[in-house]
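Engineer: My structure is in query_33.cif, and what it holds is mmCIF, C-alpha atoms:
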```cif
data_structure
loop_
_atom_site.label_atom_id
_atom_site.label_comp_id
_atom_site.auth_asym_id
_atom_site.auth_seq_id
_atom_site.Cartn_x
_atom_site.Cartn_y
_atom_site.Cartn_z
CA MET A 188 129.19 88.62 29.96
CA ALA A 189 130.92 89.71 33.14
CA SER A 190 134.16 88.19 34.39
CA TYR A 191 134.73 87.29 38.03
CA ASN A 192 137.89 87.88 40.00
CA LYS A 193 138.26 85.41 42.84
CA ILE A 194 138.99 87.03 46.19
CA SER A 195 138.73 84.42 48.96
CA GLY A 196 136.45 81.75 50.35
CA GLY A 197 134.73 81.14 47.02
CA TRP A 198 133.54 84.76 46.67
CA TYR A 199 134.02 86.86 43.55
CA ARG A 200 134.04 90.51 42.59
CA VAL A 201 131.94 91.27 39.53
CA CYS A 202 133.95 93.04 36.81
CA PRO A 203 132.94 93.93 33.24
CA LYS A 204 135.31 92.78 30.52
CA ARG A 205 137.38 95.66 29.33
CA SER A 206 140.20 96.56 26.99
CA SER A 207 142.56 99.52 27.06
CA ASN A 208 139.93 101.86 25.64
CA ARG A 209 136.74 100.23 26.90
CA ALA A 210 135.22 100.64 30.35
CA LEU A 211 131.83 99.05 29.78
CA ILE A 212 130.22 96.16 28.01
CA THR A 213 126.68 96.28 26.63
CA VAL A 214 124.84 93.05 27.39
CA LYS A 215 121.82 91.51 25.70
CA LEU A 216 121.08 88.71 28.12
CA PRO A 217 119.31 85.53 26.93
CA PHE A 218 116.69 85.14 29.65
CA SER A 219 116.14 81.44 28.99
CA THR A 220 119.75 80.49 29.71
CA LEU A 221 120.38 82.52 32.87
CA PHE A 222 120.82 80.80 36.21
CA ARG A 223 117.50 80.30 37.95
CA LEU A 224 118.81 80.42 41.51
CA LYS A 225 117.16 82.19 44.40
CA SER A 226 118.28 85.80 44.64
CA MET A 227 119.99 87.15 47.74
CA THR A 228 117.65 90.15 47.65
CA ASP A 229 113.88 90.29 47.52
CA ILE A 230 113.03 91.95 44.20
CA THR A 231 109.61 93.20 45.37
CA PRO A 232 110.73 96.63 46.69
CA PHE A 233 112.45 97.37 43.37
CA ALA A 234 109.40 96.35 41.32
CA ASN A 235 107.06 98.36 43.55
CA ARG A 236 109.18 101.49 43.33
CA LEU A 237 109.52 101.14 39.57
CA GLY A 238 105.75 100.81 39.20
CA LYS A 239 105.11 103.81 41.44
CA ASN A 240 107.58 105.95 39.49
CA ILE A 241 106.08 105.02 36.14
CA LYS A 242 102.55 105.79 37.29
CA HIS A 243 103.66 109.22 38.46
CA LEU A 244 105.95 110.14 35.57
CA MET A 245 104.28 108.68 32.48
CA LYS A 246 101.55 111.32 32.33
CA TRP A 247 104.12 114.03 33.05
CA ALA A 248 106.34 112.88 30.17
CA LYS A 249 103.42 112.63 27.73
CA ARG A 250 102.09 116.04 28.74
CA ASN A 251 105.49 117.63 28.11
CA GLY A 252 106.22 115.87 24.82
CA ILE A 253 109.16 113.93 26.25
CA GLU A 254 110.01 110.50 24.84
CA ALA A 255 113.24 110.01 26.79
CA TRP A 256 112.98 110.15 30.57
CA ARG A 257 114.22 108.47 33.74
CA ILE A 258 111.95 105.97 35.46
CA TYR A 259 114.34 104.78 38.16
CA ASP A 260 117.36 106.60 39.60
CA ARG A 261 119.06 104.33 42.12
CA ASP A 262 116.06 104.94 44.39
CA ILE A 263 116.80 101.86 46.53
CA PRO A 264 120.47 101.27 47.51
CA GLN A 265 120.19 97.49 47.08
CA PHE A 266 119.31 98.04 43.42
CA PRO A 267 122.01 100.36 42.00
CA PHE A 268 120.47 100.98 38.58
CA ALA A 269 119.43 103.92 36.44
CA ALA A 270 116.59 103.10 34.05
CA ASP A 271 115.60 105.43 31.21
CA VAL A 272 112.81 105.14 28.69
CA TYR A 273 113.85 106.00 25.12
CA GLY A 274 110.71 105.78 23.00
CA ASP A 275 109.88 102.07 22.77
CA ARG A 276 113.09 100.91 24.50
CA ILE A 277 114.71 101.02 27.92
CA HIS A 278 118.31 101.91 28.71
CA LEU A 279 119.20 100.15 31.97
CA GLN A 280 122.55 100.91 33.62
CA GLU A 281 123.96 98.94 36.53
CA TYR A 282 126.43 100.99 38.58
CA ASP A 283 129.51 99.49 40.16
CA THR A 284 129.21 99.20 43.94
CA GLY A 285 132.11 96.85 44.67
CA TRP A 286 129.70 94.35 46.24
CA LEU A 287 130.85 90.75 46.50
CA MET A 288 128.47 88.07 45.19
CA GLN A 289 128.92 84.53 43.99
CA PRO A 290 128.53 84.31 40.21
CA GLY A 291 125.38 82.21 40.28
CA GLU A 292 123.69 84.47 42.80
CA TYR A 293 124.69 87.56 40.85
CA GLU A 294 123.31 86.27 37.56
CA ALA A 295 120.09 85.15 39.23
CA TRP A 296 119.68 88.54 40.89
CA LEU A 297 120.36 90.38 37.63
CA ALA A 298 117.88 88.16 35.79
CA GLU A 299 115.21 88.99 38.35
CA VAL A 300 115.90 92.70 37.95
CA LEU A 301 115.52 92.43 34.17
CA GLU A 302 112.35 90.38 34.51
CA ALA A 303 110.92 92.94 36.95
CA VAL A 304 111.68 95.79 34.53
CA ALA A 305 110.04 93.92 31.66
CA PHE A 306 107.00 92.92 33.73
CA VAL A 307 106.36 96.33 35.32
CA THR A 308 106.97 98.41 32.18
CA GLY A 309 105.46 96.02 29.64
CA PHE A 310 108.58 96.21 27.46
CA ALA A 311 109.78 92.98 25.87
CA PRO A 312 113.20 91.67 27.03
CA GLU A 313 114.75 92.46 23.64
CA GLN A 314 113.68 96.11 24.07
CA ILE A 315 115.79 96.44 27.23
CA ARG A 316 119.46 97.35 26.83
CA LEU A 317 121.58 96.58 29.88
CA LYS A 318 124.93 98.25 30.49
CA ARG A 319 127.28 97.45 33.32
CA ARG A 320 129.11 100.62 34.22
CA GLU A 321 132.19 101.32 36.30
CA ARG A 322 133.25 104.66 37.71
CA GLN A 323 134.14 106.89 34.79
CA LYS A 324 136.92 109.36 34.16
CA GLY A 325 137.24 112.00 31.51
CA LEU A 326 135.98 111.15 28.05
CA GLN A 327 135.35 107.50 28.86
CA GLN A 328 131.61 108.15 28.71
CA TYR A 329 132.06 108.87 25.01
CA GLU A 330 134.00 105.68 24.19
CA LYS A 331 132.68 102.89 21.98
CA THR A 332 131.42 99.71 23.62
CA GLY A 333 132.25 97.43 20.70
CA LYS A 334 128.57 96.95 19.83
CA ALA A 335 127.04 98.35 16.64
CA GLY A 336 123.59 99.08 17.99
CA GLU A 337 120.91 100.92 16.08
CA ASP A 338 120.41 104.65 15.67
CA PHE A 339 116.84 105.80 16.19
CA VAL A 340 115.03 109.09 16.78
CA ILE A 341 113.35 110.34 19.97
CA THR A 342 111.42 113.58 20.50
CA GLU A 343 111.97 116.06 23.33
CA ASN A 344 109.92 119.25 23.60
CA GLY A 345 109.24 119.21 19.87
CA ARG A 346 112.88 118.63 18.88
CA LYS A 347 114.21 115.40 17.43
CA PHE A 348 117.48 113.68 18.31
CA TRP A 349 119.36 110.64 17.07
CA VAL A 350 120.26 108.26 19.91
CA ASN A 351 121.95 104.87 20.18
CA LEU A 352 121.61 102.73 23.31
CA ASP A 353 124.36 100.24 22.44
CA LYS A 354 127.27 101.70 20.51
CA TYR A 355 128.66 104.16 23.07
CA LEU A 356 128.77 104.37 26.84
CA ASP A 357 126.27 107.22 26.65
CA THR A 358 123.34 107.51 24.30
CA GLY A 359 123.92 110.81 22.48
CA LEU A 360 121.57 112.83 24.67
CA PHE A 361 122.18 113.74 28.31
CA LEU A 362 118.72 113.60 29.88
CA ASP A 363 119.78 115.45 33.04
CA HIS A 364 120.24 118.67 31.01
CA ARG A 365 116.73 118.71 29.55
CA ASN A 366 115.72 121.73 31.68
CA THR A 367 118.85 123.65 30.72
CA ARG A 368 118.26 122.95 27.03
CA LYS A 369 114.73 124.28 27.34
CA LYS A 370 115.96 127.39 29.17
CA VAL A 371 118.53 128.05 26.44
CA GLY A 372 115.85 127.72 23.79
CA GLU A 373 113.53 130.12 25.59
CA THR A 374 116.21 132.83 25.67
CA ALA A 375 117.90 132.28 22.29
CA ALA A 376 115.66 134.20 19.89
CA GLY A 377 117.68 136.69 17.82
CA LYS A 378 120.90 135.93 19.70
CA ARG A 379 124.36 134.73 18.72
CA PHE A 380 124.89 131.39 20.45
CA LEU A 381 128.07 129.46 21.30
CA ASN A 382 128.09 125.81 22.38
CA LEU A 383 131.41 124.66 23.88
CA PHE A 384 132.24 120.98 24.50
CA SER A 385 129.11 120.49 22.44
CA TYR A 386 128.98 116.66 22.26
CA THR A 387 126.11 115.94 19.80
CA GLY A 388 124.89 119.54 19.62
CA SER A 389 121.62 119.24 21.55
CA PHE A 390 121.87 122.73 23.12
CA THR A 391 122.35 124.20 19.66
CA VAL A 392 119.29 122.35 18.35
CA TYR A 393 117.20 124.14 20.98
CA ALA A 394 118.80 127.53 20.33
CA ALA A 395 118.50 127.27 16.55
CA THR A 396 114.91 126.01 16.50
CA ASP A 397 113.90 128.83 18.86
CA GLY A 398 115.27 131.51 16.55
CA ALA A 399 118.93 132.10 17.39
CA ALA A 400 120.41 134.50 14.83
CA SER A 401 123.54 132.36 14.47
CA SER A 402 125.57 129.79 16.36
CA GLU A 403 128.89 127.98 16.58
CA THR A 404 129.02 124.41 17.91
CA VAL A 405 132.51 123.48 19.09
CA ASP A 406 133.97 120.08 19.93
CA LEU A 407 137.15 118.14 19.19
CA SER A 408 135.50 114.85 18.21
CA ASN A 409 134.68 114.29 14.56
CA THR A 410 132.36 111.48 15.59
CA TYR A 411 130.17 113.70 17.73
CA LEU A 412 130.30 116.68 15.42
CA ASP A 413 129.04 114.38 12.66
CA TRP A 414 126.29 113.32 15.06
CA ALA A 415 125.49 116.99 15.70
CA LYS A 416 125.29 117.57 11.96
CA ARG A 417 122.73 114.77 11.68
CA ASN A 418 120.73 116.31 14.54
CA PHE A 419 120.79 119.64 12.71
CA GLU A 420 119.54 118.01 9.51
CA LEU A 421 116.83 116.19 11.46
CA ASN A 422 115.52 119.51 12.79
CA GLY A 423 115.88 121.51 9.56
CA ILE A 424 118.70 123.73 10.84
CA ASN A 425 120.57 125.86 8.29
CA PRO A 426 124.28 124.82 8.38
CA GLU A 427 125.44 128.17 6.98
CA GLN A 428 123.71 130.07 9.76
CA HIS A 429 124.65 127.53 12.43
CA GLN A 430 128.26 126.43 12.01
CA ILE A 431 129.97 123.32 13.34
CA VAL A 432 133.59 123.87 14.42
CA ARG A 433 136.14 121.18 15.22
CA ALA A 434 138.59 122.65 17.71
CA ASP A 435 140.23 122.29 21.10
CA VAL A 436 138.10 124.58 23.28
CA PHE A 437 141.11 126.21 24.96
CA GLN A 438 142.57 127.08 21.56
CA TYR A 439 139.18 128.12 20.22
CA LEU A 440 138.70 130.61 23.08
CA GLN A 441 142.06 132.21 22.38
CA ASN A 442 141.46 132.45 18.64
CA ALA A 443 137.89 133.74 19.03
CA ALA A 444 139.03 136.49 21.39
CA ALA A 445 141.82 137.49 18.97
CA GLU A 446 139.24 137.66 16.16
CA GLY A 447 136.95 139.82 18.27
CA LYS A 448 134.03 137.38 18.23
CA GLN A 449 131.07 138.18 20.48
CA PHE A 450 128.16 136.03 21.63
CA ASP A 451 124.97 136.81 23.53
CA LEU A 452 124.52 133.31 24.93
CA ILE A 453 127.12 130.63 25.68
CA VAL A 454 126.81 127.09 27.06
CA MET A 455 129.86 125.29 28.39
CA ASP A 456 129.42 121.74 29.72
CA PRO A 457 132.91 120.19 29.84
CA PRO A 458 133.87 116.69 30.98
CA SER A 459 135.40 116.33 34.42
CA PHE A 460 138.71 115.13 33.01
CA SER A 461 140.22 114.45 29.61
CA ASN A 462 143.62 113.27 28.49
CA SER A 463 142.63 112.96 24.85
CA LYS A 464 145.62 112.89 22.52
CA LYS A 465 143.78 115.36 20.30
CA MET A 466 143.95 118.06 23.00
CA LEU A 467 146.94 120.29 23.47
CA ASP A 468 146.91 119.65 27.23
CA ILE A 469 145.14 117.52 29.84
CA LEU A 470 141.79 118.89 31.01
CA ASP A 471 141.06 118.80 34.75
CA ILE A 472 137.85 120.72 35.28
CA GLN A 473 138.48 121.51 38.95
CA ARG A 474 141.89 122.94 38.10
CA ASP A 475 141.00 124.52 34.76
CA HIS A 476 137.44 125.87 35.14
CA LYS A 477 138.49 129.43 36.03
CA LYS A 478 140.57 129.66 32.87
CA LEU A 479 137.71 128.30 30.76
CA ILE A 480 135.15 130.63 32.33
CA ASP A 481 137.43 133.64 31.88
CA GLY A 482 137.91 132.74 28.22
CA ALA A 483 134.18 132.33 27.64
CA VAL A 484 133.20 135.53 29.44
CA LYS A 485 135.62 137.48 27.24
CA LEU A 486 133.40 136.49 24.30
CA LEU A 487 130.17 137.61 25.99
CA THR A 488 128.40 140.83 25.11
CA SER A 489 127.85 143.23 28.02
CA ASP A 490 124.44 141.73 28.81
CA GLY A 491 125.29 138.18 27.69
CA ILE A 492 124.81 134.98 29.69
CA LEU A 493 127.12 131.98 30.17
CA TYR A 494 125.66 128.70 31.41
CA PHE A 495 128.49 126.69 32.94
CA SER A 496 127.93 123.13 34.10
CA ASN A 497 129.80 119.94 34.97
CA ASN A 498 129.04 116.62 36.66
CA LEU A 499 132.09 116.26 38.89
CA ARG A 500 130.51 115.40 42.25
CA SER A 501 133.36 116.93 44.27
CA PHE A 502 133.51 120.12 42.17
CA VAL A 503 133.80 123.47 43.99
CA LEU A 504 133.49 126.74 42.08
CA ASP A 505 136.52 128.97 42.57
CA ASP A 506 135.67 131.93 44.85
CA ALA A 507 137.44 134.19 42.37
CA VAL A 508 134.72 133.45 39.80
CA SER A 509 132.01 134.80 42.13
CA GLU A 510 134.14 137.80 42.99
CA GLN A 511 134.85 138.67 39.37
CA TYR A 512 131.46 137.96 37.81
CA SER A 513 127.78 137.93 38.68
CA VAL A 514 127.09 134.25 39.47
CA LYS A 515 123.82 132.47 40.18
CA ASP A 516 123.67 128.79 41.13
CA ILE A 517 120.76 127.28 39.18
CA SER A 518 121.60 123.62 39.86
CA LYS A 519 118.30 122.82 41.63
CA GLN A 520 116.21 124.25 38.79
CA SER A 521 118.35 122.64 36.11
CA VAL A 522 117.89 119.02 37.27
CA PRO A 523 114.64 117.60 35.83
CA ASP A 524 111.79 116.21 37.94
CA ASP A 525 112.43 112.63 36.81
CA PHE A 526 115.92 112.61 38.39
CA ARG A 527 115.91 111.62 42.06
CA ASN A 528 119.65 112.34 42.23
CA LYS A 529 119.66 116.13 42.39
CA LYS A 530 123.47 116.18 42.47
CA ILE A 531 123.90 114.63 39.05
CA HIS A 532 125.34 117.93 37.85
CA GLN A 533 125.95 121.50 38.97
CA CYS A 534 125.02 124.50 36.84
CA TRP A 535 125.61 128.23 37.09
CA GLU A 536 124.37 131.30 35.25
CA ILE A 537 127.31 133.69 34.87
CA ARG A 538 127.23 137.31 33.66
CA LYS A 539 129.61 140.23 33.52
CA LYS A 540 129.24 142.61 36.44
CA ALA A 541 127.68 145.94 35.57
#
```
How does this structure look as structure tokens?
Structural biologist:
Amino acid sequence: MASYNKISGGWYRVCPKRSSNRALITVKLPFSTLFRLKSMTDITPFANRLGKNIKHLMKWAKRNGIEAWRIYDRDIPQFPFAADVYGDRIHLQEYDTGWLMQPGEYEAWLAEVLEAVAFVTGFAPEQIRLKRRERQKGLQQYEKTGKAGEDFVITENGRKFWVNLDKYLDTGLFLDHRNTRKKVGETAAGKRFLNLFSYTGSFTVYAATDGAASSETVDLSNTYLDWAKRNFELNGINPEQHQIVRADVFQYLQNAAAEGKQFDLIVMDPPSFSNSKKMLDILDIQRDHKKLIDGAVKLLTSDGILYFSNNLRSFVLDDAVSEQYSVKDISKQSVPDDFRNKKIHQCWEIRKKA
């Protein structure tokens, strides 16, 4: 459960328990033992908005063959949650706002939120996974929570992916890049594909299942490359044709250029910041993105395409990138319809100038 740091006058700041490598705790709350105090906030607006969103989006998700989708995206400021459906479960994330609430009032309010989600969606309480999330930096979103959780499979546009709602801060599939994955798949037939900072390999799954001639999936984490391998197996992807490469991306770009490798299609979706001990240097995407883009473009064929994305809210693309290459901002098209927050990421289509 959460801890409470006393500030003054009997008020507390809500803080998740954390260790040196843990920024979030996954909570399975026993409804019967929660405080039954009156909430500071009327829950009705939240429940009404949730019901309205579901009514609008459920048919859309079913029509498009999507089993993982967002039903609530911090629509109402007083309810700072993101709620995602994953098959027969819900991933509910509470975002840190710094609000001050007394412990009893906070627990009562949170219990009402959970009860509203269960009532409106029809999901049982044990099917709802709550995470309390603080502002993240770097690779923290990939860290373990300390919970084992259960791996299960969801379907998206005919592809299958392993996900886990408990074990890690994120689930194994970034839902905000669903449109970009589909776009990559639609353009991958017969092409050589490169996936940099690949996480669990979802972009490669789309490229490979839509007929990419070959691919390389690059990341530094053995954990997530193993996850990518399982996603490949789940979708019947040939591992000889579609290779998984463990490497620091900066070093990989240098080596690939020296070896004369060429790709027709590249995706690069790096974290905002990383000080991983496995990397040769600290990654700061605002500082380092020009170097990364230059390295990736060197590997592009003359008519190749690089999709570059990141989720740093304050990110500004270096003017030199637009001067040197043909750049198209596709951020609006890349954010799916079920995301109210259209600034969840930025995405560009980058080509060599003719």
Engineer: For atom CA of Thr396 of chain A and atom CA of Val272 of chain A, determine how far apart the two atoms are, in Å to one decimal place.
Structural biologist: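 Between these atoms lies a distance of 24.3 Å.
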Engineer: On this structure, the PyMOL selection byres ((chain A and resi 363-369) around 6) would catch which residues? List them as a PyMOL selection string, sorted by chain and number.
Structural biologist: chain A and resi 361-362+370-372+390+521-523
Engineer: Measuring atom to atom with all atoms listed in the file, identify which of A:Val503, A:Val304, A:Ala295, A:Leu440 is nearest to Ile472 of chain A.
Structural biologist: A:Val503
Engineer: Would you kindly translate the PyMOL selection byres ((chain A and resi 380) around 6) into the concrete residues it picks from this file, as a ChimeraX atom specification?
Structural biologist: /A:379,381,402,450,452-453
Engineer: Can you list, as a PyMOL selection string, every protein, DNA or RNA residue that comes within 12 Å of Phe502 of chain A when you count all atoms listed in the file, leaving out same-chain residues fewer than 4 positions away?
Structural biologist: chain A and resi 458-460+471-476+496-498+530-534
Engineer: Which residues, named as in the file, does the PyMOL selection byres ((chain A and resi 539) around 9) pick out? Answer as an MDAnalysis selection string.
Structural biologist: chainID A and resid 484 487:492 511:514 537:538 540:541
Engineer: Any idea what the distance is between atom CA of Ile424 of chain A and atom CA of Leu479 of chain A?
Structural biologist: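 Those two atoms sit 27.9 Å apart.
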Engineer: Closest to Glu536 of chain A among A:Leu499, A:Leu493, A:Leu383, A:Leu237, using all atoms listed in the file?
Structural biologist: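 For Glu536 of chain A, the nearest of the candidates is A:Leu493.
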Engineer: Closest to Gln430 of chain A among A:Ala395, A:Met245, A:Leu360, A:Leu407, using all atoms listed in the file?
Structural biologist: A:Ala395
Engineer: Could you write segment 497-508 of chain A of the block just shown to a file containing all heavy atoms, as an mmCIF file, in the first residue's frame?
Structural biologist:
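Saved file selection_21.cif follows:
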```cif
data_model
loop_
_atom_site.group_PDB
_atom_site.id
_atom_site.type_symbol
_atom_site.label_atom_id
_atom_site.label_comp_id
_atom_site.auth_asym_id
_atom_site.auth_seq_id
_atom_site.Cartn_x
_atom_site.Cartn_y
_atom_site.Cartn_z
ATOM 1 N N ASN A 497 9.581 9.929 -29.904
ATOM 2 C CA ASN A 497 9.895 9.880 -28.477
ATOM 3 C C ASN A 497 8.743 10.500 -27.705
ATOM 4 O O ASN A 497 7.880 11.171 -28.283
ATOM 5 C CB ASN A 497 11.230 10.574 -28.168
ATOM 6 C CG ASN A 497 11.139 12.075 -28.295
ATOM 7 O OD1 ASN A 497 10.677 12.762 -27.392
ATOM 8 N ND2 ASN A 497 11.587 12.605 -29.438
ATOM 9 N N ASN A 498 8.709 10.277 -26.400
ATOM 10 C CA ASN A 498 7.591 10.781 -25.595
ATOM 11 C C ASN A 498 8.015 11.835 -24.576
ATOM 12 O O ASN A 498 7.312 12.056 -23.583
ATOM 13 C CB ASN A 498 6.870 9.627 -24.888
ATOM 14 C CG ASN A 498 7.764 8.892 -23.900
ATOM 15 O OD1 ASN A 498 8.952 9.186 -23.807
ATOM 16 N ND2 ASN A 498 7.197 7.948 -23.180
ATOM 17 N N LEU A 499 9.134 12.508 -24.847
ATOM 18 C CA LEU A 499 9.547 13.615 -23.994
ATOM 19 C C LEU A 499 8.670 14.828 -24.318
ATOM 20 O O LEU A 499 8.722 15.359 -25.424
ATOM 21 C CB LEU A 499 11.021 13.948 -24.229
ATOM 22 C CG LEU A 499 11.584 15.135 -23.448
ATOM 23 C CD1 LEU A 499 11.528 14.875 -21.944
ATOM 24 C CD2 LEU A 499 13.016 15.449 -23.887
ATOM 25 N N ARG A 500 7.870 15.251 -23.348
ATOM 26 C CA ARG A 500 6.873 16.298 -23.601
ATOM 27 C C ARG A 500 7.521 17.610 -24.043
ATOM 28 O O ARG A 500 6.958 18.352 -24.855
ATOM 29 C CB ARG A 500 6.044 16.519 -22.337
ATOM 30 C CG ARG A 500 4.783 17.309 -22.551
ATOM 31 C CD ARG A 500 3.917 17.253 -21.303
ATOM 32 N NE ARG A 500 3.108 16.059 -21.291
ATOM 33 C CZ ARG A 500 1.807 16.063 -21.512
ATOM 34 N NH1 ARG A 500 1.190 17.186 -21.792
ATOM 35 N NH2 ARG A 500 1.118 14.943 -21.463
ATOM 36 N N SER A 501 8.707 17.908 -23.523
ATOM 37 C CA SER A 501 9.367 19.178 -23.840
ATOM 38 C C SER A 501 10.271 19.080 -25.069
ATOM 39 O O SER A 501 10.965 20.048 -25.402
ATOM 40 C CB SER A 501 10.193 19.635 -22.632
ATOM 41 O OG SER A 501 11.201 18.672 -22.318
ATOM 42 N N PHE A 502 10.262 17.942 -25.757
ATOM 43 C CA PHE A 502 11.205 17.713 -26.850
ATOM 44 C C PHE A 502 10.986 18.687 -28.011
ATOM 45 O O PHE A 502 9.854 18.972 -28.417
ATOM 46 C CB PHE A 502 11.057 16.292 -27.372
ATOM 47 C CG PHE A 502 11.993 15.958 -28.509
ATOM 48 C CD1 PHE A 502 13.295 15.583 -28.249
ATOM 49 C CD2 PHE A 502 11.571 16.037 -29.827
ATOM 50 C CE1 PHE A 502 14.164 15.284 -29.285
ATOM 51 C CE2 PHE A 502 12.426 15.742 -30.866
ATOM 52 C CZ PHE A 502 13.736 15.367 -30.599
ATOM 53 N N VAL A 503 12.115 19.179 -28.547
ATOM 54 C CA VAL A 503 12.093 20.043 -29.736
ATOM 55 C C VAL A 503 13.085 19.469 -30.737
ATOM 56 O O VAL A 503 14.259 19.269 -30.424
ATOM 57 C CB VAL A 503 12.478 21.495 -29.386
ATOM 58 C CG1 VAL A 503 12.503 22.343 -30.660
ATOM 59 C CG2 VAL A 503 11.509 22.076 -28.366
ATOM 60 N N LEU A 504 12.620 19.204 -31.943
ATOM 61 C CA LEU A 504 13.489 18.665 -32.986
ATOM 62 C C LEU A 504 14.498 19.717 -33.421
ATOM 63 O O LEU A 504 14.138 20.867 -33.701
ATOM 64 C CB LEU A 504 12.648 18.212 -34.179
ATOM 65 C CG LEU A 504 13.372 17.403 -35.262
ATOM 66 C CD1 LEU A 504 13.741 16.022 -34.730
ATOM 67 C CD2 LEU A 504 12.508 17.270 -36.507
ATOM 68 N N ASP A 505 15.746 19.329 -33.477
ATOM 69 C CA ASP A 505 16.826 20.228 -33.886
ATOM 70 C C ASP A 505 16.553 20.751 -35.305
ATOM 71 O O ASP A 505 16.247 19.983 -36.217
ATOM 72 C CB ASP A 505 18.150 19.456 -33.860
ATOM 73 C CG ASP A 505 19.366 20.354 -33.974
ATOM 74 O OD1 ASP A 505 19.304 21.355 -34.715
ATOM 75 O OD2 ASP A 505 20.385 20.046 -33.338
ATOM 76 N N ASP A 506 16.666 22.067 -35.492
ATOM 77 C CA ASP A 506 16.436 22.668 -36.814
ATOM 78 C C ASP A 506 17.365 22.074 -37.871
ATOM 79 O O ASP A 506 17.013 21.990 -39.054
ATOM 80 C CB ASP A 506 16.656 24.187 -36.753
ATOM 81 C CG ASP A 506 15.551 24.901 -35.992
ATOM 82 O OD1 ASP A 506 14.453 24.321 -35.853
ATOM 83 O OD2 ASP A 506 15.791 26.045 -35.527
ATOM 84 N N ALA A 507 18.545 21.648 -37.436
ATOM 85 C CA ALA A 507 19.510 21.086 -38.381
ATOM 86 C C ALA A 507 18.993 19.796 -39.009
ATOM 87 O O ALA A 507 19.360 19.463 -40.142
ATOM 88 C CB ALA A 507 20.841 20.819 -37.673
ATOM 89 N N VAL A 508 18.128 19.069 -38.303
ATOM 90 C CA VAL A 508 17.556 17.844 -38.861
ATOM 91 C C VAL A 508 16.670 18.184 -40.063
ATOM 92 O O VAL A 508 16.763 17.556 -41.123
ATOM 93 C CB VAL A 508 16.732 17.086 -37.790
ATOM 94 C CG1 VAL A 508 16.007 15.894 -38.412
ATOM 95 C CG2 VAL A 508 17.638 16.622 -36.662
#
```
